Amino acid sequence: SNDIPGILILPSEIDGLKAKCIKKNSFFCCDLLKTVIVSEGYEEIEYEAFAYSSLEKLELPSTLENIDCFCTRGCMSLEKIIVNPNNEKYDSRYSCNAVNVSVLDHMIIGCKNTIIPQGIRSIEYSVFVIGFSARFEYDLYIPGTVNHIYGIGSNLVPSKCLSGLRDLILERPLPDIIGTNGLISHIAS
C-alpha cells in the first residue's frame, strides 16, 4: 500500500500468493488512478485492464511477457509509459513513451506523448486509435524504418483519432509504407 493519492503500486504478492496477471477490466473507468507501477513478478496484462481510467503514467516490469495492446484503451490522460530496461520482450526505447515488441521492432501501445523512434519497423493501429487520439494539434513523424502500419486502412481506425493532426511527415515515399493510404484517407476526411 502507499499513502500518495493517485499512485498505485501493484504488489508482487497478495495474501501470500505471487501476483502474475492484471485481469481484463481490473481498473476499468477508475477515476482515482494517476500513476500505476506494476511490480516485478507480473507476467501479463489483459485486454482493457486500465481502460477508460484517468491513468497518466504506467511503469511496467522486466518480468512482463504478455501485454494486450488495448489494455490502455480510452486512457486519454496517459502521458508516460516506461518499460523496465531489463525486460527481454518489450521496450520503451529512447524514452518514446510507448511499448514496443523488441525483437520485431513493432510498436503496440502508445500515449499522447509517444514518439515513433528510428528503428521501429511496424506500428499497430491501436497506437493511432489509443495513443495519438489524445493529442491536440500535433505533427506526426513516421521514420523511414517503418514499413508497415497494421490495420490502419480498416474501419477500426476512426478519422477522429487523427483529427488534431497538423502535419504528417513521412521519411519514405508513401507507396513503400503499407497501410499509409488508409492513414491519408482518414486525415483527409
# chains A, B, ... in the order shown; residues from 1 in each chain; ligands from 1

call {"tool": "residues_around", "arguments": {"residues": "A:Val146", "least_positions_apart": "3", "cutoff": "8 Å", "atoms": "only C-alpha atoms", "output": "ChimeraX atom specification"}}
result
/A:119-123,142-143,149,177

call {"tool": "closest_residue", "arguments": {"among": "A:Ser77, A:Ser126, A:Ser12, A:Thr35", "to": "A:Gly151", "atoms": "only C-alpha atoms"}}
result
A:Ser126

call {"tool": "closest_residue", "arguments": {"among": "A:Leu170, A:Ile130, A:Cys69, A:Asp139", "to": "A:His106", "atoms": "only C-alpha atoms"}}
result
A:Cys69

call {"tool": "closest_residue", "arguments": {"among": "A:Glu124, A:Glu59, A:Phe70, A:Lys23", "to": "A:Asn97", "atoms": "only C-alpha atoms"}}
result
A:Glu59

call {"tool": "closest_atom_pairs", "arguments": {"of": "stretch 45-145 of chain A", "to": "stretch 15-19 of chain A", "cutoff": "12 Å", "atoms": "only C-alpha atoms", "output": "CSV"}}
result
residue,atom,partner,partner_atom,distance
A:Ile45,CA,A:Ala19,CA,11.3
A:Thr63,CA,A:Ala19,CA,11.5
A:Leu64,CA,A:Ala19,CA,11.7

call {"tool": "write_last_selection", "arguments": {"atoms": "N, CA and C atoms", "output": "short mmCIF file (atom, residue, chain, number, x, y, z; two decimals), in the first residue's frame"}}
result
data_model
loop_
_atom_site.label_atom_id
_atom_site.label_comp_id
_atom_site.auth_asym_id
_atom_site.auth_seq_id
_atom_site.Cartn_x
_atom_site.Cartn_y
_atom_site.Cartn_z
N ILE A 45 -0.70 -8.54 -18.71
CA ILE A 45 -1.73 -7.52 -18.54
C ILE A 45 -2.76 -7.76 -19.64
N THR A 63 9.64 -8.41 -15.84
CA THR A 63 9.08 -9.76 -15.92
C THR A 63 7.89 -9.87 -16.87
N LEU A 64 7.40 -8.74 -17.39
CA LEU A 64 6.21 -8.75 -18.26
C LEU A 64 6.49 -9.52 -19.55
#

call {"tool": "select_by_dssp", "arguments": {"residues": "stretch 20-165 of chain A", "states": "strand (DSSP E)", "output": "MDAnalysis selection string"}}
result
chainID A and resid 21:22 35:38 44:45 57:60 66:67 80:83 90:91 98:101 106:110 122:124 138:142 148:150 165

call {"tool": "residues_around", "arguments": {"residues": "A:Phe50", "least_positions_apart": "4", "cutoff": "10 Å", "atoms": "only C-alpha atoms", "output": "MDAnalysis selection string"}}
result
chainID A and resid 22:30 33 36 45:46 54:55 58 70:75

call {"tool": "residues_around", "arguments": {"residues": "A:Lys20", "least_positions_apart": "5", "cutoff": "8 Å", "atoms": "only C-alpha atoms", "output": "PyMOL selection string"}}
result
chain A and resi 12+41-44

call {"tool": "write_last_selection", "arguments": {"atoms": "all heavy atoms", "output": "CSV table (one decimal), in the first residue's frame"}}
result
chain,number,residue,atom,x,y,z
A,12,SER,N,3.7,-7.5,-5.5
A,12,SER,CA,4.2,-8.7,-6.2
A,12,SER,C,3.5,-9.9,-5.5
A,12,SER,O,3.5,-11.0,-6.1
A,12,SER,CB,5.7,-8.8,-6.2
A,12,SER,OG,6.2,-8.7,-4.9
A,41,GLY,N,7.5,-9.4,-11.2
A,41,GLY,CA,6.8,-10.6,-11.0
A,41,GLY,C,5.6,-10.8,-11.9
A,41,GLY,O,5.2,-11.9,-12.2
A,42,TYR,N,5.0,-9.6,-12.2
A,42,TYR,CA,3.8,-9.7,-13.1
A,42,TYR,C,4.2,-10.1,-14.5
A,42,TYR,O,5.2,-9.6,-15.0
A,42,TYR,CB,3.1,-8.3,-13.2
A,42,TYR,CG,2.2,-8.0,-12.0
A,42,TYR,CD1,2.7,-7.5,-10.8
A,42,TYR,CD2,0.9,-8.3,-12.0
A,42,TYR,CE1,1.9,-7.3,-9.7
A,42,TYR,CE2,0.0,-8.1,-10.9
A,42,TYR,CZ,0.6,-7.6,-9.8
A,42,TYR,OH,-0.2,-7.3,-8.7
A,43,GLU,N,3.5,-11.0,-15.1
A,43,GLU,CA,3.8,-11.5,-16.4
A,43,GLU,C,2.9,-11.1,-17.5
A,43,GLU,O,3.2,-11.1,-18.7
A,43,GLU,CB,3.9,-13.1,-16.3
A,43,GLU,CG,5.0,-13.5,-15.4
A,43,GLU,CD,5.0,-15.0,-15.2
A,43,GLU,OE1,4.1,-15.7,-15.8
A,43,GLU,OE2,5.9,-15.5,-14.5
A,44,GLU,N,1.6,-10.7,-17.1
A,44,GLU,CA,0.6,-10.5,-18.1
A,44,GLU,C,-0.3,-9.3,-17.7
A,44,GLU,O,-0.7,-9.2,-16.5
A,44,GLU,CB,-0.2,-11.8,-18.3
A,44,GLU,CG,-1.3,-11.6,-19.4
A,44,GLU,CD,-2.0,-12.9,-19.7
A,44,GLU,OE1,-1.8,-13.9,-19.0
A,44,GLU,OE2,-2.8,-12.9,-20.7

call {"tool": "residues_around", "arguments": {"residues": "A:Asp167", "least_positions_apart": "2", "cutoff": "8 Å", "atoms": "only C-alpha atoms", "output": "number ranges by chain"}}
result
A: 138-140, 165, 169

call {"tool": "write_last_selection", "arguments": {"atoms": "C-alpha atoms", "output": "PDB file, in the first residue's frame"}}
result
ATOM      1  CA  TYR A 138       0.252  17.630 -33.279  1.00  0.00           C
ATOM      2  CA  ASP A 139       2.688  16.683 -36.023  1.00  0.00           C
ATOM      3  CA  LEU A 140       3.125  13.006 -36.851  1.00  0.00           C
ATOM      4  CA  LEU A 165      -3.100  16.281 -36.918  1.00  0.00           C
ATOM      5  CA  ILE A 169       5.844  13.799 -42.142  1.00  0.00           C
TER       6      ILE A 169
END

call {"tool": "closest_residue", "arguments": {"among": "A:Val83, A:Leu78, A:Ala51, A:Val101", "to": "A:Thr114", "atoms": "only C-alpha atoms"}}
result
A:Leu78

call {"tool": "residues_around", "arguments": {"residues": "stretch 84-94 of chain A", "least_positions_apart": "5", "cutoff": "6 Å", "atoms": "only C-alpha atoms", "output": "list in words"}}
result
Leu60, Pro61, Ser62, Val99, Asn100, Val101 and Ser102 of chain A
